[in-house]
Amino acid sequence: MGNGLLSRIGIPRLIISLFLAFLVASAFSYGLPMGQIFSAMLTRFGMNALLVLAMIPTIQAGAGPNFGLPFGIICGLIGATLAIELDLRDFTALFFAVGVSIPLGAIAGWLYGLLLNRVKGQEMTVGTYMGFSIVSLMCIFWLMAPYKSPEMVWPYGGDGLRVTVVLDGRMEQLLDRLWSFTVGGVRIPTGLLVVTVLCCVLLWIFMKTRTGLAMSIVGSNPRFAEASGLNVNKYRMIASIISCAMSATGIVIYSQSYGFIQLYQAPLYMALYSVSAILIGGASLQRATITQALIGTFLFNALLVIALPVANVAMDSDISEIMRVIISNGIILYALTRQEVGGDAR
Amino acid sequence: MRNIGKEYYGNRVLKGITFTLGEGEVLSLVGENGAGKSTLMNILFGMPVIHATGGFDGEVYLDGEKSIIKSPEEAMKLGIGMVHQEFMLLPGFSITENIKLNRETTKDNLFSKFFGKSLKWLDMPAMKRDARESMDAIGLAIDEMLPVKGLPVGHMQFVEIARELDKKNIRLLVLDEPTAVLTETDAEKLLEAMNILTKKGISILFISHRLDEVMKASDKIVVLRDGEQIAETTPSETTIERIAELMVGRKIESGEMHGRPVSSINEDPILEVKDFHVSMPGESVKGVTLEVKRGEILGIGGLAGQGKIGIANGIMGLFPSWGDVLKNGEPIRLNDARFALENGMAFVSEDRRGTGLLLDDSIEFNIVATATQVQGKFMTQEKIRILDSQGMAAHARQMIKELDIRCTGPSQLTRRLSGGNQQKVCIARAITLAPNLLFVSEPTRGIDIGAKKLILDHLVKLNREQGLTIIMTSSELAELRSICDRIAIVYQGKLEGILLPTDSDRDFGLMMAGEYHKRHEKEAV
């Protein structure tokens, strides 16, 4: 059943995997430091995994990929900056940031859910523009908010937060370093990966509970759900809340690994990267699984990590950002044009 | 039309239909839903659906000449006009504009001389004159410049007819159930208008379910049943009873009827429905009063659009409803699907793919989905209760065996199943809820004979072995008569009467056409 296998893997995944294999092979032949590259791949995978997993609840509940991700992300950024403002360090800072992010994210998700339930069928477009608007609105917040910590405010004037806040000595690479070890030149960010696995298990369990099942029934066929006595809007709302809370936590984990908190315009396109990652993984706009999210996160990020050094050697120029834009937008375009009605959802 | 035959995907829907229609005559086509009337008209009008599915057999002669009609445009050129069941009017445009649509009278202006015909101005006075003329011909005395939006349905129907009349070469007019949406006075006006038309030499092909109109208006009556021409007769030679009998008559052997004598059925009602209304588009229920006895199989029959489908949908809370419904003597909260399900009622929807299935989920999940939500079944018993996949698969395998669902296994997506097997999944889902009252709507629509028989037999088995009360709604009278104990016939949103499966074809035919009571009232006088 070669044909069956091909359709199960899917042509886009096949092309991307082959391209990735080609890049890895070229990296070898150029004699690039493979240990570093593989370490970076694992780290970036762990950094982004939760942000991509956050897509699953909304997709399963029929609201499509969460293009309003920046809303949740901003809540996570508030949590992280508050931790620094209070001069917290290490795990205290991390737990505080996550602890603040989750309820804030849930509130954001509730507001976003109110919006989503009014614009059924238009969630993606509305979500994207809502995300853009929130990011712009928050630019004012970052400038006006009464933060005082000298690590974060502009060194001159003393008002407003900087574009990037350095986490050095606060919670930089906290999870990455936890229990990490090196095998054959590849540093394994054990803590980060353990947290990722934990999140997957929690999400998996949640999706199998009655509420989780109800959510996926609502997404699969709202009329069936109504006939089964389910309140469609309620479960879409739950999905939105969970998704935003996950993305708020996700950005804290992302920032600690990255070593910087990026404010202002940085969250603008984050939703697009997460959406394209999960779609690369083989999810459709209606159905997504955890495996698809993980595969997609790995392929998408591995490609970005390795494309930069290879392209630098091969072309003497930095095309990695261009590649990233081409891949992420291309894959979203591909997913949007796939036939939705009557087509095969897998 | 001679010897017309048509196959859809190997399903023969028309067999050897032959009739002739003289100039200025009215020929009525009568038959149940699915008897082939619409297909026949589509052939006559050259609808693309006919040619897309492999054309038809036989020949059509117009004025003695063999005509091959390949498209609606050709049909119009040949002088055939059709008034559809659903209105094809532009609501925001005036009556005149609707009547003259795409055949506007135009006059030249400066631009059109240079840039061609499409820039000509409309000659509004001339158009109004034409529209007025056609409207007068059928006695429609309203302002020709009124917008169509907001007109009463009766007037819209007349505008449609006026539009056909305005085509000057019109010779044959097809009216597809024109009176279905009209009130009785409007319907009478329409019949008068038909009379005026025939005097002008226009022939009319009339399709209607209202048998009294058919008797009044036609010169000839052709009865179709299951794609066959059962009889051709004239109103003077026949009676409404006779036509009703011809329409319904099916060879059902008494051995195929499983219904039990009324005396053996429990008198105790499980469900009482009083003055029940459901607002379901196209199938609204307007005050049904009905009693369902414990342990019986009750059939609900009637023609499409009369409201039979609405009853089950209303009770199950899928469409807004009001009225009194008592189950076991206790009132049921209406418009609350959860409440209905928790009360031991289950529903197999007539809209299999739309409401009945999660097409992109597995068979096993489809079967247990409602039960997990309503009853918390198939969940593990630990502190955090998650889906018990083993229990689910085991139950699904048992259902697959019991209902003979043809599939590759419990994890196959329901989208990939045939209609019959999808329907079996829907039934399995309903049974999984262990209901004491089961609503089944159109269980055999669009599925093959083998699956049909299995489903019907299984319903009877459930009823006999577990004492499950079943309310089956179906358009197929033969199927109702084969398994039901009693059959309620719904006409215009109300209960017309309750019959036994052994009652005569004549009574069924009359009830479905809403003529039963009128007849009996007359007899009483």
# chains A, B, ... in the order shown; residues from 1 in each chain; ligands from 1

$ interface_residues --of "chain A" --to "chain B" --cutoff "6 Å" --atoms "only C-alpha atoms" --output "list in words"
Lys208, Thr209, Ser220, Asn221, Arg223, Phe224, Ser228 and Gly229 of chain A

$ residues_around --residues "B:Leu298" --least-positions-apart "4" --cutoff "9 Å" --atoms "only C-alpha atoms" --output "list in words"
Val292, Lys293, Thr469, Ile470, Ile471, Met472, Thr473, Leu480, Ile483, Cys484, Asp485, Arg486, Ile487 and Ala488 of chain B

$ atom_distance --atom1 "atom CA of A:Gln60" --atom2 "atom CA of A:Met237"
12.1 Å

$ closest_residue --among "A:Ser240, A:Thr164, A:Thr337, A:Thr291" --to "A:Leu115" --atoms "only C-alpha atoms"
A:Ser240

$ residues_around --residues "A:Pro146" --least-positions-apart "4" --cutoff "12 Å" --atoms "only C-alpha atoms" --output "PyMOL selection string"
chain A and resi 81-82+85+140-142+150+152-153+158-161

$ atom_distance --atom1 "atom CA of A:Met55" --atom2 "atom CA of A:Met171"
26.0 Å

$ select_by_dssp --residues "stretch 232-421 of chain B" --states "strand (DSSP E or B)" --output "count of residues only"
44

$ atom_distance --atom1 "atom CA of B:Thr18" --atom2 "atom CA of B:Ser67"
15.2 Å

$ closest_residue --among "A:Ala227, A:Cys199, A:Ala80, A:Ile295" --to "A:Phe96" --atoms "only C-alpha atoms"
A:Ala80

$ residues_around --residues "B:Gly305" --least-positions-apart "2" --cutoff "12 Å" --atoms "only C-alpha atoms" --output "PyMOL selection string"
chain B and resi 33+85+180-181+209+280-285+301-303+307-310+475+490-494+512
